[in-house]
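S.K.: Contents of target-v3.pdb (PDB, C-alpha atoms) are below:
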```
ATOM      1  CA  MET A   3      92.105  52.413 -34.005  1.00  0.00           C
ATOM      2  CA  ASP A   4      89.732  49.517 -34.623  1.00  0.00           C
ATOM      3  CA  TRP A   5      86.356  51.262 -34.955  1.00  0.00           C
ATOM      4  CA  THR A   6      84.498  47.971 -34.449  1.00  0.00           C
ATOM      5  CA  ARG A   7      85.996  47.466 -30.972  1.00  0.00           C
ATOM      6  CA  TYR A   8      84.136  48.794 -27.936  1.00  0.00           C
ATOM      7  CA  ARG A   9      84.995  48.981 -24.263  1.00  0.00           C
ATOM      8  CA  PHE A  10      82.198  49.855 -21.856  1.00  0.00           C
ATOM      9  CA  ARG A  11      82.103  50.401 -18.103  1.00  0.00           C
ATOM     10  CA  THR A  12      78.937  51.202 -16.220  1.00  0.00           C
ATOM     11  CA  SER A  13      78.197  51.332 -12.498  1.00  0.00           C
ATOM     12  CA  TRP A  14      74.802  50.774 -10.932  1.00  0.00           C
ATOM     13  CA  ARG A  15      73.795  51.478  -7.341  1.00  0.00           C
ATOM     14  CA  LEU A  16      71.142  48.920  -6.414  1.00  0.00           C
ATOM     15  CA  PRO A  17      68.820  48.697  -3.370  1.00  0.00           C
ATOM     16  CA  ALA A  18      69.599  45.105  -2.374  1.00  0.00           C
ATOM     17  CA  PRO A  19      72.562  43.303  -0.787  1.00  0.00           C
ATOM     18  CA  PRO A  20      75.243  41.836  -3.103  1.00  0.00           C
ATOM     19  CA  ALA A  21      74.113  38.225  -2.597  1.00  0.00           C
ATOM     20  CA  THR A  22      70.567  39.091  -3.731  1.00  0.00           C
ATOM     21  CA  VAL A  23      71.823  41.024  -6.758  1.00  0.00           C
ATOM     22  CA  TYR A  24      74.195  38.182  -7.632  1.00  0.00           C
ATOM     23  CA  ARG A  25      71.321  35.663  -7.606  1.00  0.00           C
ATOM     24  CA  ALA A  26      69.292  37.902  -9.942  1.00  0.00           C
ATOM     25  CA  LEU A  27      72.190  38.480 -12.336  1.00  0.00           C
ATOM     26  CA  GLU A  28      73.222  34.833 -12.528  1.00  0.00           C
ATOM     27  CA  ARG A  29      69.763  33.903 -13.844  1.00  0.00           C
ATOM     28  CA  ALA A  30      70.284  35.129 -17.412  1.00  0.00           C
ATOM     29  CA  GLU A  31      67.111  33.433 -18.617  1.00  0.00           C
ATOM     30  CA  ASP A  32      65.165  35.904 -16.424  1.00  0.00           C
ATOM     31  CA  TYR A  33      66.781  39.039 -17.890  1.00  0.00           C
ATOM     32  CA  PRO A  34      63.944  39.600 -20.401  1.00  0.00           C
ATOM     33  CA  ARG A  35      61.533  39.865 -17.435  1.00  0.00           C
ATOM     34  CA  TRP A  36      63.238  42.987 -16.104  1.00  0.00           C
ATOM     35  CA  TRP A  37      65.489  44.277 -18.917  1.00  0.00           C
ATOM     36  CA  ARG A  38      63.322  45.053 -21.931  1.00  0.00           C
ATOM     37  CA  GLN A  39      66.248  45.309 -24.372  1.00  0.00           C
ATOM     38  CA  ILE A  40      67.242  41.714 -23.656  1.00  0.00           C
ATOM     39  CA  ARG A  41      64.580  40.310 -25.941  1.00  0.00           C
ATOM     40  CA  GLU A  42      65.339  36.621 -25.627  1.00  0.00           C
ATOM     41  CA  VAL A  43      67.635  34.200 -23.821  1.00  0.00           C
ATOM     42  CA  THR A  44      67.555  30.596 -24.984  1.00  0.00           C
ATOM     43  CA  ARG A  45      69.515  28.127 -22.868  1.00  0.00           C
ATOM     44  CA  ILE A  46      71.788  25.702 -24.686  1.00  0.00           C
ATOM     45  CA  ASP A  47      73.048  23.940 -21.551  1.00  0.00           C
ATOM     46  CA  ASP A  48      73.978  24.744 -17.933  1.00  0.00           C
ATOM     47  CA  THR A  49      76.712  27.201 -18.904  1.00  0.00           C
ATOM     48  CA  SER A  50      75.646  28.728 -22.227  1.00  0.00           C
ATOM     49  CA  GLY A  51      72.772  30.244 -24.141  1.00  0.00           C
ATOM     50  CA  VAL A  52      71.829  32.352 -27.119  1.00  0.00           C
ATOM     51  CA  VAL A  53      70.958  35.987 -26.376  1.00  0.00           C
ATOM     52  CA  ARG A  54      69.073  38.408 -28.608  1.00  0.00           C
ATOM     53  CA  VAL A  55      69.343  42.116 -27.758  1.00  0.00           C
ATOM     54  CA  ARG A  56      67.683  45.167 -29.276  1.00  0.00           C
ATOM     55  CA  SER A  57      67.828  48.676 -27.872  1.00  0.00           C
ATOM     56  CA  ALA A  58      66.653  51.985 -29.412  1.00  0.00           C
ATOM     57  CA  LEU A  59      68.286  51.540 -32.819  1.00  0.00           C
ATOM     58  CA  PRO A  60      66.508  49.249 -35.325  1.00  0.00           C
ATOM     59  CA  TYR A  61      68.787  46.223 -35.267  1.00  0.00           C
ATOM     60  CA  ASP A  62      69.139  43.039 -33.231  1.00  0.00           C
ATOM     61  CA  LEU A  63      72.395  41.622 -31.941  1.00  0.00           C
ATOM     62  CA  THR A  64      72.506  37.884 -31.376  1.00  0.00           C
ATOM     63  CA  PHE A  65      75.345  36.079 -29.655  1.00  0.00           C
ATOM     64  CA  THR A  66      76.148  32.932 -27.757  1.00  0.00           C
ATOM     65  CA  ALA A  67      77.078  33.607 -24.142  1.00  0.00           C
ATOM     66  CA  ARG A  68      79.179  31.106 -22.206  1.00  0.00           C
ATOM     67  CA  ALA A  69      79.908  31.293 -18.496  1.00  0.00           C
ATOM     68  CA  ALA A  70      83.585  32.071 -18.009  1.00  0.00           C
ATOM     69  CA  ARG A  71      83.577  32.802 -14.273  1.00  0.00           C
ATOM     70  CA  ARG A  72      80.994  32.405 -11.541  1.00  0.00           C
ATOM     71  CA  ASP A  73      82.289  33.433  -8.135  1.00  0.00           C
ATOM     72  CA  PRO A  74      79.553  34.365  -5.649  1.00  0.00           C
ATOM     73  CA  VAL A  75      82.088  34.971  -2.841  1.00  0.00           C
ATOM     74  CA  ALA A  76      84.005  37.547  -4.924  1.00  0.00           C
ATOM     75  CA  GLY A  77      80.755  38.795  -6.503  1.00  0.00           C
ATOM     76  CA  VAL A  78      81.946  38.161 -10.068  1.00  0.00           C
ATOM     77  CA  LEU A  79      79.966  36.878 -13.035  1.00  0.00           C
ATOM     78  CA  GLU A  80      81.727  36.797 -16.402  1.00  0.00           C
ATOM     79  CA  ILE A  81      80.733  35.518 -19.829  1.00  0.00           C
ATOM     80  CA  SER A  82      82.436  35.120 -23.167  1.00  0.00           C
ATOM     81  CA  MET A  83      80.447  36.087 -26.258  1.00  0.00           C
ATOM     82  CA  THR A  84      80.580  34.922 -29.864  1.00  0.00           C
ATOM     83  CA  GLY A  85      78.354  35.869 -32.771  1.00  0.00           C
ATOM     84  CA  ASP A  86      77.337  39.404 -33.716  1.00  0.00           C
ATOM     85  CA  LEU A  87      79.581  40.395 -30.786  1.00  0.00           C
ATOM     86  CA  ASP A  88      82.849  38.674 -29.873  1.00  0.00           C
ATOM     87  CA  GLY A  89      84.407  39.395 -26.502  1.00  0.00           C
ATOM     88  CA  TRP A  90      83.457  39.276 -22.852  1.00  0.00           C
ATOM     89  CA  ALA A  91      81.280  40.948 -20.244  1.00  0.00           C
ATOM     90  CA  ARG A  92      81.697  40.953 -16.462  1.00  0.00           C
ATOM     91  CA  TRP A  93      79.617  41.963 -13.461  1.00  0.00           C
ATOM     92  CA  THR A  94      81.572  42.787 -10.300  1.00  0.00           C
ATOM     93  CA  LEU A  95      79.464  43.341  -7.189  1.00  0.00           C
ATOM     94  CA  GLY A  96      80.396  44.977  -3.913  1.00  0.00           C
ATOM     95  CA  ALA A  97      78.621  46.254  -0.821  1.00  0.00           C
ATOM     96  CA  ASP A  98      77.448  49.869  -0.916  1.00  0.00           C
ATOM     97  CA  GLY A  99      75.890  50.661   2.454  1.00  0.00           C
ATOM     98  CA  THR A 100      72.837  48.403   2.648  1.00  0.00           C
ATOM     99  CA  GLY A 101      72.796  47.988  -1.127  1.00  0.00           C
ATOM    100  CA  THR A 102      75.160  46.997  -3.912  1.00  0.00           C
ATOM    101  CA  LEU A 103      77.478  48.748  -6.288  1.00  0.00           C
ATOM    102  CA  ALA A 104      77.394  46.683  -9.496  1.00  0.00           C
ATOM    103  CA  ARG A 105      80.099  47.404 -12.059  1.00  0.00           C
ATOM    104  CA  TYR A 106      79.604  46.175 -15.606  1.00  0.00           C
ATOM    105  CA  ASP A 107      82.652  45.894 -17.866  1.00  0.00           C
ATOM    106  CA  GLN A 108      82.497  44.785 -21.469  1.00  0.00           C
ATOM    107  CA  LEU A 109      85.026  44.481 -24.277  1.00  0.00           C
ATOM    108  CA  VAL A 110      83.632  43.453 -27.660  1.00  0.00           C
ATOM    109  CA  VAL A 111      84.284  43.510 -31.366  1.00  0.00           C
ATOM    110  CA  VAL A 112      81.204  43.941 -33.535  1.00  0.00           C
ATOM    111  CA  ASN A 113      80.877  41.327 -36.291  1.00  0.00           C
ATOM    112  CA  LYS A 114      77.435  42.186 -37.670  1.00  0.00           C
ATOM    113  CA  PRO A 115      78.164  43.267 -41.282  1.00  0.00           C
ATOM    114  CA  LEU A 116      75.938  46.359 -41.345  1.00  0.00           C
ATOM    115  CA  LEU A 117      77.376  47.674 -38.078  1.00  0.00           C
ATOM    116  CA  ARG A 118      80.916  47.056 -39.333  1.00  0.00           C
ATOM    117  CA  ARG A 119      80.159  49.096 -42.480  1.00  0.00           C
ATOM    118  CA  LEU A 120      78.733  51.920 -40.340  1.00  0.00           C
ATOM    119  CA  ALA A 121      81.493  51.688 -37.719  1.00  0.00           C
ATOM    120  CA  VAL A 122      82.952  55.185 -38.177  1.00  0.00           C
ATOM    121  CA  PRO A 123      79.864  57.347 -38.752  1.00  0.00           C
ATOM    122  CA  GLY A 124      77.660  55.238 -36.458  1.00  0.00           C
ATOM    123  CA  ARG A 125      80.002  54.966 -33.477  1.00  0.00           C
ATOM    124  CA  PRO A 126      78.459  57.850 -31.463  1.00  0.00           C
ATOM    125  CA  LEU A 127      74.968  56.436 -32.035  1.00  0.00           C
ATOM    126  CA  PHE A 128      76.060  52.905 -31.096  1.00  0.00           C
ATOM    127  CA  ARG A 129      77.631  54.183 -27.860  1.00  0.00           C
ATOM    128  CA  ALA A 130      74.496  56.224 -27.039  1.00  0.00           C
ATOM    129  CA  ASN A 131      72.370  53.145 -27.768  1.00  0.00           C
ATOM    130  CA  HIS A 132      74.436  51.168 -25.265  1.00  0.00           C
ATOM    131  CA  ARG A 133      74.052  53.922 -22.620  1.00  0.00           C
ATOM    132  CA  LEU A 134      70.256  53.865 -23.064  1.00  0.00           C
ATOM    133  CA  MET A 135      70.216  50.101 -22.742  1.00  0.00           C
ATOM    134  CA  MET A 136      72.276  50.196 -19.557  1.00  0.00           C
ATOM    135  CA  ARG A 137      70.138  52.979 -18.054  1.00  0.00           C
ATOM    136  CA  ASP A 138      66.988  50.946 -18.689  1.00  0.00           C
ATOM    137  CA  GLY A 139      68.661  47.800 -17.354  1.00  0.00           C
ATOM    138  CA  ARG A 140      69.429  49.537 -14.049  1.00  0.00           C
ATOM    139  CA  ARG A 141      65.855  50.778 -13.779  1.00  0.00           C
ATOM    140  CA  GLY A 142      64.453  47.356 -14.589  1.00  0.00           C
ATOM    141  CA  LEU A 143      66.695  45.508 -12.149  1.00  0.00           C
ATOM    142  CA  THR A 144      65.964  48.055  -9.403  1.00  0.00           C
ATOM    143  CA  ALA A 145      62.210  47.529  -9.839  1.00  0.00           C
ATOM    144  CA  TYR A 146      62.675  43.744  -9.991  1.00  0.00           C
ATOM    145  CA  LEU A 147      64.747  43.708  -6.784  1.00  0.00           C
ATOM    146  CA  GLU A 148      62.225  45.886  -4.972  1.00  0.00           C
ATOM    147  CA  ALA A 149      59.399  43.530  -6.003  1.00  0.00           C
ATOM    148  CA  VAL A 150      61.019  40.323  -4.745  1.00  0.00           C
TER     149      VAL A 150
END
```
Can the structure from this file be put into structure tokens for me?
M.R.:
Amino acid sequence: MDWTRYRFRTSWRLPAPPATVYRALERAEDYPRWWRQIREVTRIDDTSGVVRVRSALPYDLTFTARAARRDPVAGVLEISMTGDLDGWARWTLGADGTGTLARYDQLVVVNKPLLRRLAVPGRPLFRANHRLMMRDGRRGLTAYLEAV
């Protein structure tokens, strides 16, 4: 097993139609407004940017995100990532009554040297850190969607 490789899947039920959620999620530069763990998004061009993330544990992860797929009809947004994390992340949106079921899938390898050295003993903490970040992201996006 590669202890530096992570696969995550999270589902969020959101109180807005898929098209509204898609518009919010495709605006990565706005993530820091509603997702406090996304500390900074700096655009490079129309399809890429540098993202800095920090959750409960005392370390930042910085990576370059590049749009890999943008399909509003299918409700899919996907990025590739390089830097402290290499891999991809994908949002898949579908109708859920009057709201949206948003599924987040991510497959990454951690490159940050300290996290690689702590890969085995730190794995449960790193996974819990990700869960906290995703929980707060859902709360933040829910509040953001209700405000607009």
S.K.: Check which residues satisfy the PyMOL selection byres ((chain A and resi 66) around 7) in the file shown, then give them as a PDB file with C-alpha atoms, in the coordinates of the input.
M.R.:
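Writing done, so here's out_1.pdb:
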```pdb
ATOM      1  CA  SER A  50      75.646  28.728 -22.227  1.00  0.00           C
ATOM      2  CA  GLY A  51      72.772  30.244 -24.141  1.00  0.00           C
ATOM      3  CA  VAL A  52      71.829  32.352 -27.119  1.00  0.00           C
ATOM      4  CA  VAL A  53      70.958  35.987 -26.376  1.00  0.00           C
ATOM      5  CA  PHE A  65      75.345  36.079 -29.655  1.00  0.00           C
ATOM      6  CA  ALA A  67      77.078  33.607 -24.142  1.00  0.00           C
ATOM      7  CA  ARG A  68      79.179  31.106 -22.206  1.00  0.00           C
ATOM      8  CA  MET A  83      80.447  36.087 -26.258  1.00  0.00           C
ATOM      9  CA  THR A  84      80.580  34.922 -29.864  1.00  0.00           C
ATOM     10  CA  GLY A  85      78.354  35.869 -32.771  1.00  0.00           C
TER      11      GLY A  85
END
```
S.K.: Using the chain letters and numbering of this document, enumerate as a list in words the residues selected by the PyMOL selection byres ((chain A and resi 131) around 12).
M.R.: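 Answer for the PyMOL selection byres ((chain A and resi 131) around 12): Phe10, Gln39, Val55, Arg56, Ser57, Ala58, Leu59, Pro60, Tyr61, Asp62, Gly124, Arg125, Pro126, Leu127, Phe128, Arg129, Ala130, His132, Arg133, Leu134, Met135, Met136, Arg137 and Asp138 of chain A.
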S.K.: In Å, with one decimal, what is the gap from atom CA of A:Arg118 to atom CA of A:Ala91?
M.R.: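 Calculated distance between atom CA of A:Arg118 and atom CA of A:Ala91 is 20.0 Å.
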S.K.: Applied to this file, what does the PyMOL selection byres ((chain A and resi 95-108) around 9) return in terms of residues, put as a PyMOL selection string?
M.R.: chain A and resi 8-21+23-24+76-79+89-94+109-110
S.K.: Could you pull the residues within 8 Å of A:Val112, counting all atoms listed in the file, minus those fewer than 5 positions along the same chain, as a PyMOL selection string?
M.R.: chain A and resi 6-8+86-88+117-118
S.K.: Atom CA of A:Ala145 and atom CA of A:Ile40, how far apart in Å?
M.R.: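 If I compute the distance from atom CA of A:Ile40 to atom CA of A:Ala145, I get 15.8 Å.
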